[in-house]
Amino acid sequence: MQKYSVFSLIKNALTNHQNWDVVWRDPEPKKEYEAIIIGGGGHGLATAFYLAKYYNMKNIAILEKGWIGGGNVARNTTILRSNYMHDANSLFYDHGMQMWKDLSQELNYNVMYSPRGILNLAHSDAQLNAYARRGNSMRLNGIDVSLIGREEVKKMIPFADFTSNARFPIFGGLLQPIGGTARHDAVAWGYARAADDMGVDIIQHCEVNGFDIENGKLTGVQTSRGNIKTKKVGLCVAGSTSLLAEKLNMNLPMEAHVLQACVSEPVKPLLDGVVTFGAGHFYCSQSDKGEMVMGGDLDGYNSYAQRGNLPTIQHVLTEGVALFPNLSRLKILRTWGGVMDMSMDGSPIIDKTHIEGVYLNCGWCYGGFKATPVSGLTFAHTIANDTPHDLSIPFRLDRFNTGHLLDEKGLGTKTWIS
Amino acid sequence: MLEIRCPYCGNRSQNEFAYGGDATIKRPELNTEVTDQEWDNFVYYRKNPRGNHLELWHHISGCRQWFKVHRNTATHEILKTLEMKENL
Ligand SMILES: Cc1cc2nc3c(=O)[nH]c(=O)nc-3n(C[C@H](O)[C@H](O)[C@H](O)COP(=O)(O)OP(=O)(O)OC[C@H]3O[C@@H](n4cnc5c(N)ncnc54)[C@H](O)[C@@H]3O)c2cc1C
Ligand SMILES: [Zn+2]
């Protein structure tokens, strides 16, 4: 692999950028692999990279039905955080936050990791109390976070509605300074390039349609580009998980729902970190290009369409304007949607299955981007050792049978409400 | 925007309705032996099809009746709406 550095940039500038290497190869699928990862989103790419890096597996393929960076990995609003209350979630996601710090160096690819803080706003005393409780449990897990009052919030976002007319007055907020954003495509491309460099075959436009199973053991997968032999397969197909699980005769505690996001026309620097509205579901950050990046609720009914409907966008932006009245002057530039793998307790599933050699990574809901590195690491461990990583033991599938749910928001099984 | 035909009020905009999820899941019968697996299936496990899906909707800003909608989850096409007592 040609290493990216200031010297390679200068050298290539001198030859009009005509001599850069391709970023990853485009190989034909082989007859057989040691392990196959289905899905070339963030989680699939990271899993293959760590399998090659830490578990010494070199003969690996990623099979992607579309192209790298066409799924949720490049449709999300790029928020990174670990402000969870349950121990299992906070330890897992915070391990991920630590991994982001060095990711650009590890991949030799700038993922534009930007820890500029995430602020969850509270609009009542009760909500501030709830945040104090969450903040305390985060601190017990060693995660830096602080509860701040109205005046401090005002210094950070003076353009929010602090008038006496505000429909939902701001009481304060919970600030995680290490929260922030990273560049989503760069994460996909960076992992793809680094995995390819370690010998992983990235095979695009190759859809997995079925599995070959003999006596309860996996022997291969059936794809749109022929049958491929393998003894281990990891599913990282996000919103499509139930469809592949059906081919394995598995029913999952999961529903597919569409989540939308949108960006405004670009404006001068206005908002530094990430802000979430506490009286509804609206959050906002500003991209490097100047666009206000905004999101909120799911569309609210089962959907496999990678597009949503206008009422949700209208609803989300109404909340946005209630918080930041100056947003009302902006035009919306783009809206889009992605299919979420909504698990029944809102937490992910990383596990083996009842079929030897078949492994499952799913249920990321609308929060899987921040977990890309730690999901890849723990899933690689699970696949290589046929046993869960310490950090992902609580995310096993059998929690839906034993009752050890990880329902961070206490919403129950109405996935579309969350 | 979906246009949903409430069996009682006729075609109305999506904004008037609330969703109620998969209409095919059945609570285990009362006064029978129910295994843990049966309870788990009822509470957590879903078919989650890509294609036609029978689901519950509530005309919450209208007549406030619950009813069933047969809808395609990939195209959003609504094939049919039914009263709760009706079957496909
Ligand atoms: C609008 C929106 C906003 C979001 N905001 C955030 C956020 O701010 N922070 C955050 O942490 N998370 C966020 N998320 C969630 C996050 O994007 C996902 O949880 C995460 O990207 C899912 O993992 P992935 O990257 O591997 O998925 P994907 O990129 O979707 O990868 C799955 C891949 O599998 C492929 N595939 C499917 N079926 C097959 C098959 N049969 N054969 C071969 N390939 C197949 C698909 O084509 C796809 O490329 C958001 C999501 C959306 C849609
Ligand atoms: Zn009605």
# chains A, B, ... in the order shown; residues from 1 in each chain; ligands from 1

$ residues_near_ligand --ligand "ligand 2" --cutoff "9 Å" --atoms "only C-alpha atoms and all ligand atoms" --output "PyMOL selection string"
chain B and resi 5-12+16-17+58-67

$ residues_near_ligand --ligand "ligand 1" --cutoff "7 Å" --atoms "only C-alpha atoms and all ligand atoms" --output "NGL selection string"
:A and (38-44 or 63-80 or 206-209 or 236-240 or 244 or 258-261 or 295 or 336-340 or 364-372)

$ interface_residues --of "chain B" --to "chain A" --cutoff "12 Å" --atoms "only C-alpha atoms" --output "compact mmCIF listing (two decimals) with N, CA and C atoms, in the first residue's frame"
# COMPACT_ATOMS: atom_id res chain seq x y z
N MET B 1 -46.01 11.11 1.50
CA MET B 1 -47.09 11.04 2.50
C MET B 1 -48.02 9.89 2.18
N LEU B 2 -48.31 9.05 3.19
CA LEU B 2 -49.25 7.96 2.97
C LEU B 2 -50.68 8.51 3.05
N GLU B 3 -51.54 7.93 2.21
CA GLU B 3 -52.96 8.22 2.35
C GLU B 3 -53.59 6.90 2.80
N SER B 13 -55.13 11.69 5.63
CA SER B 13 -53.67 11.81 5.54
C SER B 13 -53.01 11.07 6.71
N GLN B 14 -51.83 10.57 6.44
CA GLN B 14 -51.00 9.86 7.41
C GLN B 14 -50.89 10.59 8.76
N ASN B 15 -50.91 11.92 8.69
CA ASN B 15 -50.73 12.72 9.92
C ASN B 15 -51.78 12.43 10.99
N GLU B 16 -52.94 11.88 10.58
CA GLU B 16 -54.02 11.66 11.55
C GLU B 16 -53.89 10.32 12.27
N PHE B 17 -52.91 9.50 11.88
CA PHE B 17 -52.86 8.12 12.37
C PHE B 17 -51.64 7.85 13.24
N ALA B 18 -51.79 6.89 14.13
CA ALA B 18 -50.65 6.36 14.88
C ALA B 18 -50.50 4.88 14.54
N TYR B 19 -49.24 4.43 14.54
CA TYR B 19 -48.94 3.05 14.16
C TYR B 19 -49.03 2.13 15.36
N GLY B 20 -49.43 0.87 15.10
CA GLY B 20 -49.54 -0.09 16.21
C GLY B 20 -48.78 -1.39 16.01
N GLY B 21 -48.00 -1.48 14.92
CA GLY B 21 -47.15 -2.66 14.76
C GLY B 21 -47.82 -3.86 14.10
N ASP B 22 -47.06 -4.95 14.03
CA ASP B 22 -47.44 -6.22 13.40
C ASP B 22 -48.78 -6.72 13.94
N ALA B 23 -49.75 -6.94 13.03
CA ALA B 23 -51.09 -7.36 13.45
C ALA B 23 -51.23 -8.88 13.51
N THR B 35 -45.27 -22.14 27.15
CA THR B 35 -43.83 -22.32 27.36
C THR B 35 -43.13 -20.96 27.33
N ASP B 36 -41.94 -20.89 27.91
CA ASP B 36 -41.15 -19.65 27.86
C ASP B 36 -40.95 -19.23 26.41
N GLN B 37 -40.66 -20.23 25.57
CA GLN B 37 -40.41 -19.93 24.16
C GLN B 37 -41.62 -19.27 23.50
N GLU B 38 -42.81 -19.74 23.85
CA GLU B 38 -44.02 -19.14 23.28
C GLU B 38 -44.19 -17.68 23.74
N TRP B 39 -43.89 -17.45 25.01
CA TRP B 39 -43.97 -16.06 25.50
C TRP B 39 -42.95 -15.18 24.79
N ASP B 40 -41.70 -15.69 24.67
CA ASP B 40 -40.67 -14.90 24.01
C ASP B 40 -41.09 -14.56 22.59
N ASN B 41 -41.62 -15.56 21.90
CA ASN B 41 -42.04 -15.32 20.52
C ASN B 41 -43.09 -14.23 20.44
N PHE B 42 -44.03 -14.29 21.35
CA PHE B 42 -45.10 -13.28 21.36
C PHE B 42 -44.55 -11.88 21.66
N VAL B 43 -43.67 -11.79 22.66
CA VAL B 43 -43.22 -10.47 23.10
C VAL B 43 -42.17 -9.88 22.15
N TYR B 44 -41.20 -10.69 21.72
CA TYR B 44 -40.02 -10.11 21.06
C TYR B 44 -39.83 -10.44 19.58
N TYR B 45 -40.25 -11.63 19.16
CA TYR B 45 -39.83 -12.09 17.83
C TYR B 45 -40.82 -11.67 16.75
N ARG B 46 -40.30 -11.18 15.62
CA ARG B 46 -41.16 -10.67 14.55
C ARG B 46 -40.72 -11.25 13.20
N LYS B 47 -41.70 -11.43 12.29
CA LYS B 47 -41.39 -11.93 10.94
C LYS B 47 -40.63 -10.86 10.15
N ASN B 48 -41.02 -9.61 10.32
CA ASN B 48 -40.29 -8.49 9.73
C ASN B 48 -40.08 -8.63 8.22
N PRO B 49 -41.16 -8.88 7.46
CA PRO B 49 -40.98 -9.15 6.03
C PRO B 49 -40.66 -7.90 5.20
N ARG B 50 -39.94 -8.15 4.10
CA ARG B 50 -39.79 -7.12 3.07
C ARG B 50 -40.86 -7.46 2.05
N GLY B 51 -41.93 -6.68 2.00
CA GLY B 51 -43.07 -7.01 1.15
C GLY B 51 -44.34 -6.75 1.92
N ASN B 52 -45.35 -7.61 1.68
CA ASN B 52 -46.65 -7.34 2.30
C ASN B 52 -46.65 -7.62 3.79
N HIS B 53 -47.23 -6.71 4.54
CA HIS B 53 -47.20 -6.74 6.01
C HIS B 53 -48.58 -6.34 6.50
N LEU B 54 -49.15 -7.19 7.38
CA LEU B 54 -50.43 -6.84 7.98
C LEU B 54 -50.14 -6.16 9.31
N GLU B 55 -50.66 -4.95 9.48
CA GLU B 55 -50.26 -4.16 10.65
C GLU B 55 -51.45 -3.39 11.23
N LEU B 56 -51.28 -2.92 12.46
CA LEU B 56 -52.33 -2.17 13.15
C LEU B 56 -52.09 -0.67 13.01
N TRP B 57 -53.15 0.07 12.80
CA TRP B 57 -53.08 1.53 12.83
C TRP B 57 -54.24 2.04 13.68
N VAL B 69 -54.12 -2.68 8.42
CA VAL B 69 -53.70 -2.20 7.11
C VAL B 69 -52.79 -3.26 6.49
N HIS B 70 -53.05 -3.61 5.24
CA HIS B 70 -52.17 -4.52 4.51
C HIS B 70 -51.32 -3.66 3.60
N ARG B 71 -50.02 -3.57 3.92
CA ARG B 71 -49.16 -2.58 3.26
C ARG B 71 -47.86 -3.23 2.83
N ASN B 72 -47.27 -2.76 1.74
CA ASN B 72 -45.98 -3.28 1.28
C ASN B 72 -44.87 -2.45 1.93
N THR B 73 -43.97 -3.15 2.66
CA THR B 73 -42.94 -2.42 3.41
C THR B 73 -41.80 -1.92 2.53
N ALA B 74 -41.76 -2.37 1.27
CA ALA B 74 -40.69 -1.89 0.38
C ALA B 74 -41.17 -0.73 -0.48
N THR B 75 -42.44 -0.80 -0.92
CA THR B 75 -42.94 0.26 -1.82
C THR B 75 -43.87 1.24 -1.11
N HIS B 76 -44.31 0.88 0.11
CA HIS B 76 -45.28 1.66 0.89
C HIS B 76 -46.67 1.62 0.29
N GLU B 77 -46.91 0.77 -0.71
CA GLU B 77 -48.25 0.68 -1.28
C GLU B 77 -49.22 0.05 -0.27

$ residues_around --residues "Lys289 in chain A" --least-positions-apart "6" --cutoff "9 Å" --atoms "only C-alpha atoms" --output "ChimeraX atom specification"
/A:266-268

$ write_last_selection --atoms "C-alpha atoms" --output "tab-separated table (two decimals), in the first residue's frame"
chain	number	residue	atom	x	y	z
A	266	PRO	CA	-24.26	25.74	4.03
A	267	VAL	CA	-23.78	28.71	6.34
A	268	LYS	CA	-20.84	30.26	8.18

$ residues_around --residues "range 7-23 of chain A" --least-positions-apart "5" --cutoff "10 Å" --atoms "only C-alpha atoms" --output "JSON, numbers by chain"
{"A": [1, 2, 189, 190, 192, 193, 194, 196, 197]}

$ select_by_dssp --residues "chain B" --states "strand (DSSP E or B)" --output "NGL selection string"
:B and (3-6 or 10-13 or 18-22 or 46 or 52-58 or 66-72 or 78-83)

$ residues_around --residues "Val316 in chain A" --least-positions-apart "5" --cutoff "8 Å" --atoms "only C-alpha atoms" --output "list in words"
His281, Phe282, Gly295, Gly296 and Asp297 of chain A

$ decode --residues "range 334-357 of chain A" --atoms "N, CA, C and O atoms" --output "mmCIF file, in the first residue's frame"
data_model
loop_
_atom_site.group_PDB
_atom_site.id
_atom_site.type_symbol
_atom_site.label_atom_id
_atom_site.label_comp_id
_atom_site.auth_asym_id
_atom_site.auth_seq_id
_atom_site.Cartn_x
_atom_site.Cartn_y
_atom_site.Cartn_z
ATOM 1 N N ARG A 334 -30.931 18.705 1.204
ATOM 2 C CA ARG A 334 -31.123 17.283 0.882
ATOM 3 C C ARG A 334 -31.796 16.583 2.053
ATOM 4 O O ARG A 334 -31.529 16.912 3.204
ATOM 5 N N THR A 335 -32.617 15.565 1.747
ATOM 6 C CA THR A 335 -33.071 14.633 2.776
ATOM 7 C C THR A 335 -32.808 13.233 2.249
ATOM 8 O O THR A 335 -32.745 13.033 1.032
ATOM 9 N N TRP A 336 -32.610 12.282 3.136
ATOM 10 C CA TRP A 336 -32.395 10.889 2.710
ATOM 11 C C TRP A 336 -32.793 9.972 3.860
ATOM 12 O O TRP A 336 -33.087 10.440 4.965
ATOM 13 N N GLY A 337 -32.800 8.675 3.587
ATOM 14 C CA GLY A 337 -33.168 7.720 4.637
ATOM 15 C C GLY A 337 -32.344 6.460 4.555
ATOM 16 O O GLY A 337 -31.745 6.145 3.525
ATOM 17 N N GLY A 338 -32.290 5.740 5.653
ATOM 18 C CA GLY A 338 -31.612 4.440 5.706
ATOM 19 C C GLY A 338 -32.471 3.470 6.503
ATOM 20 O O GLY A 338 -33.268 3.894 7.344
ATOM 21 N N VAL A 339 -32.314 2.168 6.217
ATOM 22 C CA VAL A 339 -33.118 1.161 6.908
ATOM 23 C C VAL A 339 -32.393 0.697 8.173
ATOM 24 O O VAL A 339 -31.259 0.216 8.113
ATOM 25 N N MET A 340 -33.066 0.871 9.318
ATOM 26 C CA MET A 340 -32.486 0.554 10.610
ATOM 27 C C MET A 340 -32.862 -0.854 11.040
ATOM 28 O O MET A 340 -34.008 -1.258 10.867
ATOM 29 N N ASP A 341 -31.908 -1.554 11.637
ATOM 30 C CA ASP A 341 -32.193 -2.844 12.261
ATOM 31 C C ASP A 341 -32.555 -2.572 13.716
ATOM 32 O O ASP A 341 -31.709 -2.588 14.590
ATOM 33 N N MET A 342 -33.860 -2.295 13.959
ATOM 34 C CA MET A 342 -34.316 -1.926 15.305
ATOM 35 C C MET A 342 -34.523 -3.189 16.139
ATOM 36 O O MET A 342 -35.423 -3.974 15.868
ATOM 37 N N SER A 343 -33.682 -3.373 17.167
ATOM 38 C CA SER A 343 -33.849 -4.546 18.027
ATOM 39 C C SER A 343 -34.909 -4.226 19.076
ATOM 40 O O SER A 343 -35.229 -3.077 19.322
ATOM 41 N N MET A 344 -35.422 -5.263 19.701
ATOM 42 C CA MET A 344 -36.566 -5.088 20.595
ATOM 43 C C MET A 344 -36.212 -4.441 21.926
ATOM 44 O O MET A 344 -37.101 -4.084 22.682
ATOM 45 N N ASP A 345 -34.927 -4.319 22.270
ATOM 46 C CA ASP A 345 -34.589 -3.558 23.479
ATOM 47 C C ASP A 345 -33.701 -2.361 23.151
ATOM 48 O O ASP A 345 -33.185 -1.699 24.048
ATOM 49 N N GLY A 346 -33.513 -2.091 21.876
ATOM 50 C CA GLY A 346 -32.743 -0.911 21.478
ATOM 51 C C GLY A 346 -31.235 -1.103 21.535
ATOM 52 O O GLY A 346 -30.486 -0.176 21.274
ATOM 53 N N SER A 347 -30.768 -2.306 21.888
ATOM 54 C CA SER A 347 -29.334 -2.570 21.959
ATOM 55 C C SER A 347 -28.937 -3.597 20.902
ATOM 56 O O SER A 347 -29.769 -4.376 20.448
ATOM 57 N N PRO A 348 -27.644 -3.614 20.536
ATOM 58 C CA PRO A 348 -27.207 -4.505 19.466
ATOM 59 C C PRO A 348 -27.128 -5.975 19.875
ATOM 60 O O PRO A 348 -27.170 -6.301 21.062
ATOM 61 N N ILE A 349 -26.979 -6.822 18.873
ATOM 62 C CA ILE A 349 -26.793 -8.258 19.085
ATOM 63 C C ILE A 349 -25.482 -8.654 18.408
ATOM 64 O O ILE A 349 -25.302 -8.407 17.210
ATOM 65 N N ILE A 350 -24.551 -9.222 19.186
ATOM 66 C CA ILE A 350 -23.281 -9.718 18.638
ATOM 67 C C ILE A 350 -23.123 -11.120 19.196
ATOM 68 O O ILE A 350 -22.968 -11.280 20.407
ATOM 69 N N ASP A 351 -23.196 -12.135 18.338
ATOM 70 C CA ASP A 351 -23.271 -13.476 18.912
ATOM 71 C C ASP A 351 -22.982 -14.567 17.879
ATOM 72 O O ASP A 351 -22.906 -14.308 16.679
ATOM 73 N N LYS A 352 -22.849 -15.786 18.407
ATOM 74 C CA LYS A 352 -22.866 -16.981 17.575
ATOM 75 C C LYS A 352 -24.338 -17.314 17.317
ATOM 76 O O LYS A 352 -25.223 -16.697 17.895
ATOM 77 N N THR A 353 -24.598 -18.309 16.483
ATOM 78 C CA THR A 353 -25.983 -18.743 16.305
ATOM 79 C C THR A 353 -26.053 -20.246 16.561
ATOM 80 O O THR A 353 -25.030 -20.865 16.873
ATOM 81 N N HIS A 354 -27.252 -20.818 16.373
ATOM 82 C CA HIS A 354 -27.414 -22.256 16.591
ATOM 83 C C HIS A 354 -26.723 -23.057 15.476
ATOM 84 O O HIS A 354 -26.567 -24.259 15.594
ATOM 85 N N ILE A 355 -26.316 -22.378 14.399
ATOM 86 C CA ILE A 355 -25.616 -23.074 13.315
ATOM 87 C C ILE A 355 -24.116 -22.854 13.481
ATOM 88 O O ILE A 355 -23.666 -21.704 13.580
ATOM 89 N N GLU A 356 -23.355 -23.940 13.510
ATOM 90 C CA GLU A 356 -21.912 -23.818 13.703
ATOM 91 C C GLU A 356 -21.309 -23.035 12.541
ATOM 92 O O GLU A 356 -21.533 -23.355 11.379
ATOM 93 N N GLY A 357 -20.568 -21.982 12.856
ATOM 94 C CA GLY A 357 -19.915 -21.209 11.814
ATOM 95 C C GLY A 357 -20.695 -19.989 11.343
ATOM 96 O O GLY A 357 -20.207 -19.243 10.511
#
